[in-house]
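*Asks:* Data: coords.txt, compact mmCIF, C-alpha atoms and all ligand atoms.
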```
# COMPACT_ATOMS: atom_id res chain seq x y z
CA MET A 14 48.12 8.42 -43.74
CA ILE A 15 51.36 9.19 -41.94
CA ASP A 16 53.14 12.01 -43.76
CA ASN A 17 56.83 12.29 -44.63
CA LEU A 18 58.30 15.69 -43.85
CA ASP A 19 61.62 17.36 -44.54
CA LEU A 20 63.12 19.21 -41.57
CA ALA A 21 65.29 21.49 -43.72
CA LYS A 22 62.14 22.66 -45.55
CA LEU A 23 60.33 23.16 -42.23
CA ASP A 24 63.25 25.25 -40.96
CA GLN A 25 62.57 27.53 -43.98
CA HIS A 26 58.83 27.65 -43.11
CA ASP A 27 57.99 26.10 -46.51
CA PRO A 28 54.18 26.62 -46.72
CA ALA A 29 53.28 23.16 -48.11
CA GLU A 30 55.50 21.49 -45.53
CA MET A 31 53.98 23.57 -42.72
CA ASP A 32 50.47 22.51 -43.87
CA LYS A 33 51.51 18.86 -43.64
CA LEU A 34 52.97 19.46 -40.18
CA ARG A 35 49.77 21.12 -38.94
CA ASP A 36 47.70 18.12 -40.04
CA ALA A 37 50.16 15.60 -38.62
CA VAL A 38 50.32 17.39 -35.27
CA GLY A 39 46.63 18.13 -34.80
CA ARG A 40 44.84 15.20 -36.40
CA VAL A 41 47.10 12.13 -36.84
CA GLY A 42 49.60 12.58 -34.03
CA PHE A 43 52.37 10.85 -36.01
CA LEU A 44 54.73 11.85 -38.82
CA ARG A 45 58.04 10.81 -40.33
CA ILE A 46 60.83 13.26 -40.82
CA SER A 47 64.09 13.25 -42.79
CA ASN A 48 66.91 15.66 -43.60
CA THR A 49 67.62 16.28 -39.91
CA GLY A 50 71.42 16.26 -40.16
CA LEU A 51 71.57 12.91 -38.33
CA SER A 52 72.76 10.54 -41.06
CA ALA A 53 71.90 6.89 -41.64
CA ASP A 54 75.52 6.00 -40.79
CA ARG A 55 75.31 7.80 -37.48
CA ILE A 56 72.08 6.05 -36.56
CA GLY A 57 73.64 2.75 -37.65
CA GLN A 58 76.44 3.30 -35.11
CA VAL A 59 73.94 4.05 -32.35
CA LEU A 60 71.86 0.96 -33.18
CA ALA A 61 75.01 -1.18 -33.24
CA ALA A 62 76.10 0.13 -29.83
CA TYR A 63 72.75 -0.83 -28.30
CA ARG A 64 72.73 -4.19 -30.12
CA ASP A 65 76.14 -5.06 -28.67
CA PHE A 66 74.93 -4.10 -25.19
CA PHE A 67 71.75 -6.18 -25.39
CA ARG A 68 73.58 -9.25 -26.76
CA GLN A 69 75.61 -9.54 -23.57
CA PRO A 70 74.53 -12.15 -21.00
CA ASP A 71 71.96 -10.98 -18.45
CA GLU A 72 74.57 -11.38 -15.68
CA ILE A 73 76.60 -8.55 -17.26
CA LYS A 74 73.57 -6.33 -17.85
CA GLN A 75 72.49 -6.84 -14.25
CA SER A 76 75.43 -4.67 -13.16
CA VAL A 77 73.37 -1.70 -14.39
CA ASP A 78 69.90 -3.07 -13.62
CA MET A 79 67.49 -0.20 -12.89
CA ALA A 80 65.44 -2.56 -10.72
CA ALA A 81 68.11 -2.14 -8.02
CA THR A 82 67.54 1.64 -8.02
CA GLY A 83 64.70 4.06 -7.33
CA ALA A 84 64.97 5.55 -10.80
CA ASN A 85 64.88 4.61 -14.48
CA ARG A 86 68.53 4.64 -15.54
CA GLY A 87 70.40 1.65 -16.98
CA TRP A 88 69.04 -1.73 -18.05
CA GLY A 89 65.42 -2.74 -17.80
CA ALA A 90 65.03 -6.50 -18.17
CA SER A 91 62.20 -8.11 -20.10
CA ARG A 92 58.92 -7.55 -18.20
CA SER A 93 60.25 -4.52 -16.33
CA GLU A 94 57.66 -2.15 -17.78
CA GLN A 95 53.87 -2.41 -17.93
CA VAL A 96 52.43 0.42 -20.03
CA ASP A 97 48.90 -1.01 -20.13
CA PRO A 98 47.48 -2.21 -16.80
CA ASP A 99 45.16 -4.58 -18.72
CA ALA A 100 48.06 -6.28 -20.53
CA ASN A 101 51.01 -8.28 -19.18
CA PRO A 102 54.34 -6.46 -18.65
CA ASP A 103 56.12 -5.90 -21.98
CA TYR A 104 58.59 -8.54 -23.17
CA LYS A 105 61.10 -6.00 -24.59
CA GLN A 106 64.36 -5.04 -22.85
CA VAL A 107 65.44 -1.39 -22.54
CA PHE A 108 68.45 0.73 -21.70
CA ASP A 109 67.56 4.24 -20.48
CA CYS A 110 69.73 7.29 -19.95
CA GLY A 111 68.81 10.87 -19.19
CA PHE A 112 69.92 14.44 -18.73
CA GLU A 113 73.20 14.99 -16.91
CA LEU A 114 72.39 17.68 -14.35
CA PRO A 115 75.21 20.25 -13.93
CA SER A 116 76.27 20.54 -10.27
CA ASP A 117 75.25 24.23 -10.21
CA SER A 118 71.76 23.54 -11.57
CA PRO A 119 68.89 24.74 -9.36
CA TYR A 120 67.53 21.19 -9.67
CA ALA A 121 70.70 19.62 -8.20
CA GLY A 122 70.35 18.24 -4.69
CA ARG A 123 66.56 17.98 -4.81
CA GLY A 124 66.65 14.18 -5.19
CA LEU A 125 64.47 14.25 -8.31
CA SER A 126 64.41 10.79 -9.94
CA VAL A 127 63.81 12.29 -13.40
CA TYR A 128 67.35 13.74 -13.16
CA ALA A 129 68.93 10.64 -11.60
CA PRO A 130 72.57 9.97 -12.53
CA ASN A 131 73.10 7.72 -15.53
CA LEU A 132 74.32 4.14 -15.11
CA TRP A 133 76.95 2.91 -17.57
CA PRO A 134 78.43 -0.59 -17.76
CA GLU A 135 81.98 -0.92 -16.48
CA GLY A 136 84.60 -0.60 -19.24
CA ALA A 137 82.07 0.40 -21.92
CA GLU A 138 83.47 3.86 -22.75
CA MET A 139 82.68 3.49 -26.48
CA PHE A 140 79.07 2.64 -25.69
CA ARG A 141 78.77 5.60 -23.31
CA ASP A 142 80.41 8.06 -25.73
CA THR A 143 78.28 6.93 -28.69
CA ILE A 144 75.05 7.17 -26.72
CA GLN A 145 75.85 10.44 -24.94
CA SER A 146 76.85 12.27 -28.10
CA TYR A 147 73.70 11.00 -29.82
CA TYR A 148 71.66 12.14 -26.80
CA SER A 149 72.74 15.74 -27.17
CA ASP A 150 72.37 15.83 -30.97
CA ALA A 151 68.95 14.16 -30.81
CA CYS A 152 67.80 16.73 -28.21
CA ALA A 153 68.84 19.51 -30.60
CA VAL A 154 66.82 17.96 -33.45
CA ALA A 155 63.80 17.50 -31.15
CA MET A 156 64.03 21.18 -30.18
CA ARG A 157 64.17 22.22 -33.87
CA ILE A 158 61.01 20.21 -34.54
CA LEU A 159 59.29 21.68 -31.50
CA ARG A 160 60.07 25.18 -32.75
CA MET A 161 58.37 24.39 -36.05
CA ILE A 162 55.40 22.95 -34.18
CA ALA A 163 55.15 26.23 -32.28
CA VAL A 164 55.06 28.07 -35.63
CA SER A 165 52.42 25.68 -36.98
CA LEU A 166 50.28 26.55 -33.92
CA GLY A 167 50.60 30.27 -34.67
CA ARG A 168 53.12 30.94 -31.89
CA GLU A 169 56.62 32.40 -31.81
CA ALA A 170 59.18 29.81 -32.94
CA GLY A 171 61.04 30.14 -29.64
CA SER A 172 57.98 29.99 -27.42
CA PHE A 173 58.91 26.56 -26.01
CA ASP A 174 62.66 27.25 -25.68
CA ALA A 175 62.86 28.47 -22.08
CA ALA A 176 60.77 25.55 -20.83
CA PHE A 177 63.34 23.08 -22.17
CA ASP A 178 66.52 24.52 -20.62
CA THR A 179 66.89 21.54 -18.24
CA PRO A 180 65.01 18.92 -20.26
CA MET A 181 63.73 15.75 -18.62
CA ALA A 182 64.77 14.07 -21.86
CA LEU A 183 65.08 10.30 -21.70
CA LEU A 184 66.91 8.32 -24.39
CA ARG A 185 66.02 4.67 -24.63
CA GLY A 186 67.36 1.71 -26.52
CA ASN A 187 64.55 -0.83 -27.02
CA TYR A 188 65.40 -4.44 -27.81
CA TYR A 189 62.42 -6.37 -29.13
CA PRO A 190 63.41 -10.02 -29.54
CA GLN A 191 61.53 -12.33 -31.88
CA ARG A 192 57.99 -12.64 -30.49
CA PRO A 193 58.30 -15.43 -27.88
CA ASP A 194 56.57 -18.81 -28.38
CA TRP A 195 54.77 -18.37 -25.06
CA ALA A 196 53.31 -14.96 -25.97
CA GLY A 197 49.52 -14.84 -25.77
CA GLU A 198 46.99 -12.19 -26.70
CA ASN A 199 47.92 -10.10 -23.62
CA ASP A 200 51.66 -10.13 -24.40
CA PHE A 201 53.29 -7.38 -26.42
CA GLY A 202 56.74 -6.03 -27.21
CA ILE A 203 55.09 -2.90 -25.86
CA ALA A 204 51.35 -2.82 -25.24
CA ALA A 205 49.06 -0.07 -26.54
CA HIS A 206 49.78 3.28 -24.89
CA THR A 207 50.21 6.97 -25.51
CA ASP A 208 53.55 8.51 -24.55
CA TYR A 209 53.55 10.50 -21.30
CA GLY A 210 55.59 13.55 -22.19
CA CYS A 211 55.89 15.96 -25.11
CA LEU A 212 57.69 14.85 -28.27
CA THR A 213 59.17 11.46 -29.15
CA LEU A 214 61.92 11.25 -31.80
CA LEU A 215 62.24 7.60 -32.80
CA ALA A 216 65.05 6.00 -34.79
CA THR A 217 64.62 2.37 -35.84
CA ASP A 218 66.59 -0.30 -37.69
CA GLY A 219 63.87 -0.46 -40.38
CA THR A 220 62.37 -3.73 -39.14
CA PRO A 221 58.55 -3.56 -39.05
CA GLY A 222 56.78 -3.76 -35.69
CA LEU A 223 55.39 -0.38 -34.66
CA GLU A 224 51.65 0.04 -35.17
CA VAL A 225 49.74 3.31 -34.85
CA ARG A 226 46.06 3.86 -34.03
CA MET A 227 44.85 5.98 -36.94
CA PRO A 228 42.02 8.55 -36.70
CA ASN A 229 39.61 5.95 -38.18
CA GLY A 230 40.46 3.52 -35.35
CA THR A 231 42.50 1.01 -37.40
CA TRP A 232 46.06 -0.04 -36.51
CA GLN A 233 48.53 0.94 -39.23
CA PRO A 234 52.14 -0.31 -39.40
CA VAL A 235 54.77 2.42 -39.67
CA GLU A 236 58.43 1.87 -40.52
CA ALA A 237 61.45 4.10 -40.81
CA ALA A 238 64.89 3.18 -42.09
CA PRO A 239 67.98 4.62 -40.34
CA GLY A 240 68.20 8.31 -41.26
CA GLN A 241 64.45 8.78 -41.18
CA PHE A 242 62.67 9.37 -37.87
CA ILE A 243 59.18 8.74 -36.59
CA ILE A 244 57.76 11.58 -34.50
CA ASN A 245 54.81 11.38 -32.15
CA PHE A 246 53.47 13.36 -29.22
CA GLY A 247 52.71 12.59 -25.62
CA GLU A 248 49.80 13.38 -23.35
CA MET A 249 51.68 16.25 -21.64
CA LEU A 250 51.98 18.23 -24.88
CA GLU A 251 48.35 17.41 -25.65
CA PHE A 252 47.00 18.97 -22.46
CA TRP A 253 49.65 21.73 -22.35
CA THR A 254 48.39 22.94 -25.75
CA GLY A 255 44.71 22.52 -24.84
CA GLY A 256 44.43 19.62 -27.30
CA GLU A 257 45.97 21.37 -30.31
CA VAL A 258 48.57 18.59 -30.42
CA LYS A 259 47.31 15.02 -30.51
CA ALA A 260 48.78 12.18 -28.44
CA THR A 261 48.15 9.00 -30.41
CA GLU A 262 48.09 5.41 -29.21
CA HIS A 263 50.66 2.93 -30.54
CA ARG A 264 52.01 -0.56 -29.80
CA VAL A 265 54.45 -3.28 -30.87
CA ARG A 266 53.18 -6.84 -31.00
CA GLY A 267 56.39 -8.19 -32.46
CA GLY A 268 57.10 -10.72 -35.16
CA ALA A 269 59.62 -13.16 -36.54
CA ALA A 270 62.57 -10.75 -36.58
CA GLU A 271 64.29 -9.00 -33.68
CA ARG A 272 64.07 -5.22 -33.76
CA ILE A 273 65.97 -2.34 -32.19
CA SER A 274 64.44 1.09 -31.82
CA VAL A 275 65.76 4.22 -30.14
CA PRO A 276 63.21 6.75 -28.89
CA LEU A 277 64.19 10.09 -27.39
CA PHE A 278 61.40 11.22 -25.08
CA PHE A 279 61.79 14.99 -25.08
CA ASN A 280 60.25 16.74 -22.10
CA PRO A 281 60.52 20.17 -20.47
CA SER A 282 62.23 21.15 -17.22
CA TYR A 283 60.77 19.78 -13.98
CA ASP A 284 59.11 22.97 -12.72
CA THR A 285 57.41 23.92 -16.02
CA ASN A 286 53.70 24.60 -15.69
CA VAL A 287 52.10 22.43 -18.36
CA ALA A 288 48.48 23.15 -17.42
CA PRO A 289 46.10 23.86 -20.32
CA PRO A 290 46.10 27.51 -21.44
CA GLY A 291 43.60 29.60 -19.50
CA SER A 292 42.81 26.79 -17.04
CA GLY A 293 44.06 28.76 -14.04
CA THR A 294 45.61 25.57 -12.66
CA PHE A 295 49.24 24.53 -12.13
CA ILE A 296 50.48 21.18 -13.36
CA ARG A 297 54.17 20.67 -12.66
CA ALA A 298 55.72 18.77 -15.59
CA GLY A 299 58.08 16.79 -13.37
CA GLU A 300 55.31 15.62 -11.07
CA HIS A 301 53.23 14.38 -14.01
CA LEU A 302 56.16 12.51 -15.51
CA THR A 303 57.25 11.00 -12.17
CA ARG A 304 53.73 9.75 -11.51
CA ARG A 305 53.52 8.11 -14.96
CA PHE A 306 56.94 6.47 -14.52
CA ASN A 307 55.86 5.19 -11.10
CA GLU A 308 52.75 3.68 -12.68
CA THR A 309 54.52 1.91 -15.51
CA TYR A 310 58.01 0.75 -14.43
CA VAL A 311 57.36 -2.48 -12.52
CA HIS A 312 60.18 -1.87 -9.98
CA LEU A 313 58.73 1.58 -9.19
CA GLN A 314 55.11 0.33 -8.98
CA ALA A 315 55.98 -1.49 -5.74
CA THR A 316 57.16 1.71 -4.09
CA THR A 317 54.03 3.75 -4.70
FE FE A 401 55.50 4.95 -27.00
```
How does the structure come out when it is put into structure tokens?
*Replies:*
Amino acid sequence: MIDNLDLAKLDQHDPAEMDKLRDAVGRVGFLRISNTGLSADRIGQVLAAYRDFFRQPDEIKQSVDMAATGANRGWGASRSEQVDPDANPDYKQVFDCGFELPSDSPYAGRGLSVYAPNLWPEGAEMFRDTIQSYYSDACAVAMRILRMIAVSLGREAGSFDAAFDTPMALLRGNYYPQRPDWAGENDFGIAAHTDYGCLTLLATDGTPGLEVRMPNGTWQPVEAAPGQFIINFGEMLEFWTGGEVKATEHRVRGGAAERISVPLFFNPSYDTNVAPPGSGTFIRAGEHLTRRFNETYVHLQATT
């Protein structure tokens, strides 16, 4: 079962809520959360902004096509990502934006693709403003949740804070059209995968589509209306915590209705050591993430 949690109660360290969080984090790897301060209306505006973008002709979207770049900013056409090497590239479209690096950041000038400049369509100031303001508010909510996860693991609430001062946080709009007529058993909106990073904060339009691999091995649908969020964890947080946090597989096969979802992939700063505790090794967070992006974005696969 995927639990429903209340972030305001978690902020107060409500014992019953913290018990639910501990189980969701360590055993299921998925939860839903409400009462975040991000209202259904606000999410509706964000979904509408992405919907308007995706409904434009491909010729317009091609002006910000990430395939023309060495990074993952802007539009990713259908079949631009392949998360499962045994499945065909996903039929969804995406629009990705990331952290805006201040010019005085120690990471500036290092040519790191995880901090590549964002690409915005010409004349789309409303779109950019809506998405950028959501980006910063969603990062703040993700950080609040991460603090409560730290508490649930018996750590100081702020124990993750310093690692996230220059977050490799990626905000994505996913557009899943109606499942195409040509789709076969190896075609998915997004094929089965675990996320690569730490924490994913997902807003959706309420349309079904996401399926989660439960501890008993079955695939369970999970839905969330605007104002409620689905949270899951990536492989980086799993190994960084020595397996205390579970990264769980999920997929979208797609159905008769189109669907928009908006994940924020919340990840630490590039140079963070995310090696398992006590391992004596060094795993640079940015190198792990870059490698996984290079494996899964089709236009980056060719360059590696
Ligand atoms: Fe995912």
*Asks:* Got a sec: who's within 7 Å of A:Tyr104, counting all atoms listed in the file, leaving out chain neighbours fewer than 2 positions off, as an mmCIF file with C-alpha atoms, keeping the file's coordinate frame?
*Replies:*
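See selection_17.cif below for the written result:
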```cif
data_model
loop_
_atom_site.group_PDB
_atom_site.id
_atom_site.type_symbol
_atom_site.label_atom_id
_atom_site.label_comp_id
_atom_site.auth_asym_id
_atom_site.auth_seq_id
_atom_site.Cartn_x
_atom_site.Cartn_y
_atom_site.Cartn_z
ATOM 1 C CA SER A 91 62.200 -8.110 -20.100
ATOM 2 C CA ARG A 92 58.920 -7.550 -18.200
ATOM 3 C CA PRO A 102 54.340 -6.460 -18.650
ATOM 4 C CA GLN A 106 64.360 -5.040 -22.850
ATOM 5 C CA PHE A 201 53.290 -7.380 -26.420
ATOM 6 C CA GLY A 202 56.740 -6.030 -27.210
#
```
*Asks:* Per residue of chain A within 7 Å of ligand FE 401 (chain A), record the nearest atom pair and its distance in Å to one decimal, counting only C-alpha atoms and all ligand atoms, with rows in chain order and ascending residue number, as a tab-separated table.
*Replies:*
```
residue	atom	partner	partner_atom	distance
A:His206	CA	A:FE401	FE	6.3
A:Thr207	CA	A:FE401	FE	5.9
A:Asp208	CA	A:FE401	FE	4.7
A:His263	CA	A:FE401	FE	6.3
```
*Asks:* Quick one: residues within 10 Å of stretch 221-235 of chain A, all atoms listed in the file counted, chain neighbours fewer than 5 positions away excluded, as a count of residues only?
*Replies:* 30
*Asks:* Determine, counting only C-alpha atoms, every residue of protein, DNA or RNA that lies within 8 Å of (54.1, 20.1, -33.8) in the file coordinates, then give the result as a ChimeraX atom specification.
*Replies:* /A:34-35,37-39,158-163,165-166,258
*Asks:* What is the atom CA of A:Thr179 to atom CA of A:Ser282 distance in Å?
*Replies:*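 Atom CA of A:Ser282 lies at a distance of 4.8 Å from atom CA of A:Thr179.
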*Asks:* For A:Arg304, which residue among A:Gly210, A:Pro190, A:Gly136, A:Glu198 is the nearest when counting only C-alpha atoms?
*Replies:* A:Gly210
*Asks:* Which is closer to A:Tyr120 than all the others in A:Ser149, A:Gly299, A:Asn187, A:Val107, using all atoms listed in the file?
*Replies:*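 Among A:Ser149, A:Gly299, A:Asn187, A:Val107, it is A:Gly299 that comes nearest to A:Tyr120.
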*Asks:* Of the residues A:Gln241, A:Thr303, A:Asn286, A:Ser126, which is the one nearest to A:Tyr209, using only C-alpha atoms?
*Replies:* A:Thr303
*Asks:* What is the atom CA of A:Asn199 to atom CA of A:Ala100 distance in Å?
*Replies:* 4.9 Å
*Asks:* Counting all atoms listed in the file, which residues of stretch 179-215 of chain A sit at most 10 Å from some atom of stretch 57-78 of chain A, and what is each one's closest atom pair with its distance in Å to one decimal, listed by chain and rising residue number, as CSV?
*Replies:*
```
residue,atom,partner,partner_atom,distance
A:Arg185,CA,A:Tyr63,CA,9.4
A:Gly186,CA,A:Tyr63,CA,6.2
A:Asn187,CA,A:Tyr63,CA,8.3
A:Tyr188,CA,A:Phe67,CA,7.0
```
*Asks:* How far is it from atom CA of A:Arg192 to atom CA of A:Cys110, in Å with one decimal?
*Replies:*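 These atoms are spaced 25.4 Å apart.
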*Asks:* Which residues come within 7 Å of A:Gly111, counting all atoms listed in the file, excluding same-chain residues fewer than 5 positions away, as a ChimeraX atom specification?
*Replies:* /A:128,131,182-184
*Asks:* From the list A:Met79, A:Ala129, A:Met181, A:Leu18, which residue is nearest A:Glu94 when using only C-alpha atoms?
*Replies:*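 Answer, going by the shortest atom-to-atom distance: A:Met79.
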*Asks:* Out of A:Gln191, A:Asn17, A:Ser292, A:Asn85, which residue has the shortest atom-to-atom distance to A:Glu30 when counting only C-alpha atoms?
*Replies:*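 Answer, going by the shortest atom-to-atom distance: A:Asn17.
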*Asks:* May I ask which of the residues A:Asp24, A:Gly247, A:Asp284, A:Lys105 is the closest one to A:Pro193, counting only C-alpha atoms?
*Replies:* A:Lys105
*Asks:* Compile the contact shell of A:Phe252 as an NGL selection string: residues with an atom at most 12 Å away, counting all atoms listed in the file, same-chain residues fewer than 2 positions apart removed.
*Replies:* :A and (209-211 or 246-250 or 254-260 or 286-292 or 294-296 or 298 or 301)
*Asks:* Once you have the residues from the selection above, write them out as a CSV table (one decimal), in the frame of the given file, restricted to C-alpha atoms.
*Replies:*
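The resulting file, result.csv, is reproduced below:
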```csv
chain,number,residue,atom,x,y,z
A,209,TYR,CA,53.6,10.5,-21.3
A,210,GLY,CA,55.6,13.6,-22.2
A,211,CYS,CA,55.9,16.0,-25.1
A,246,PHE,CA,53.5,13.4,-29.2
A,247,GLY,CA,52.7,12.6,-25.6
A,248,GLU,CA,49.8,13.4,-23.4
A,249,MET,CA,51.7,16.2,-21.6
A,250,LEU,CA,52.0,18.2,-24.9
A,254,THR,CA,48.4,22.9,-25.8
A,255,GLY,CA,44.7,22.5,-24.8
A,256,GLY,CA,44.4,19.6,-27.3
A,257,GLU,CA,46.0,21.4,-30.3
A,258,VAL,CA,48.6,18.6,-30.4
A,259,LYS,CA,47.3,15.0,-30.5
A,260,ALA,CA,48.8,12.2,-28.4
A,286,ASN,CA,53.7,24.6,-15.7
A,287,VAL,CA,52.1,22.4,-18.4
A,288,ALA,CA,48.5,23.2,-17.4
A,289,PRO,CA,46.1,23.9,-20.3
A,290,PRO,CA,46.1,27.5,-21.4
A,291,GLY,CA,43.6,29.6,-19.5
A,292,SER,CA,42.8,26.8,-17.0
A,294,THR,CA,45.6,25.6,-12.7
A,295,PHE,CA,49.2,24.5,-12.1
A,296,ILE,CA,50.5,21.2,-13.4
A,298,ALA,CA,55.7,18.8,-15.6
A,301,HIS,CA,53.2,14.4,-14.0
```
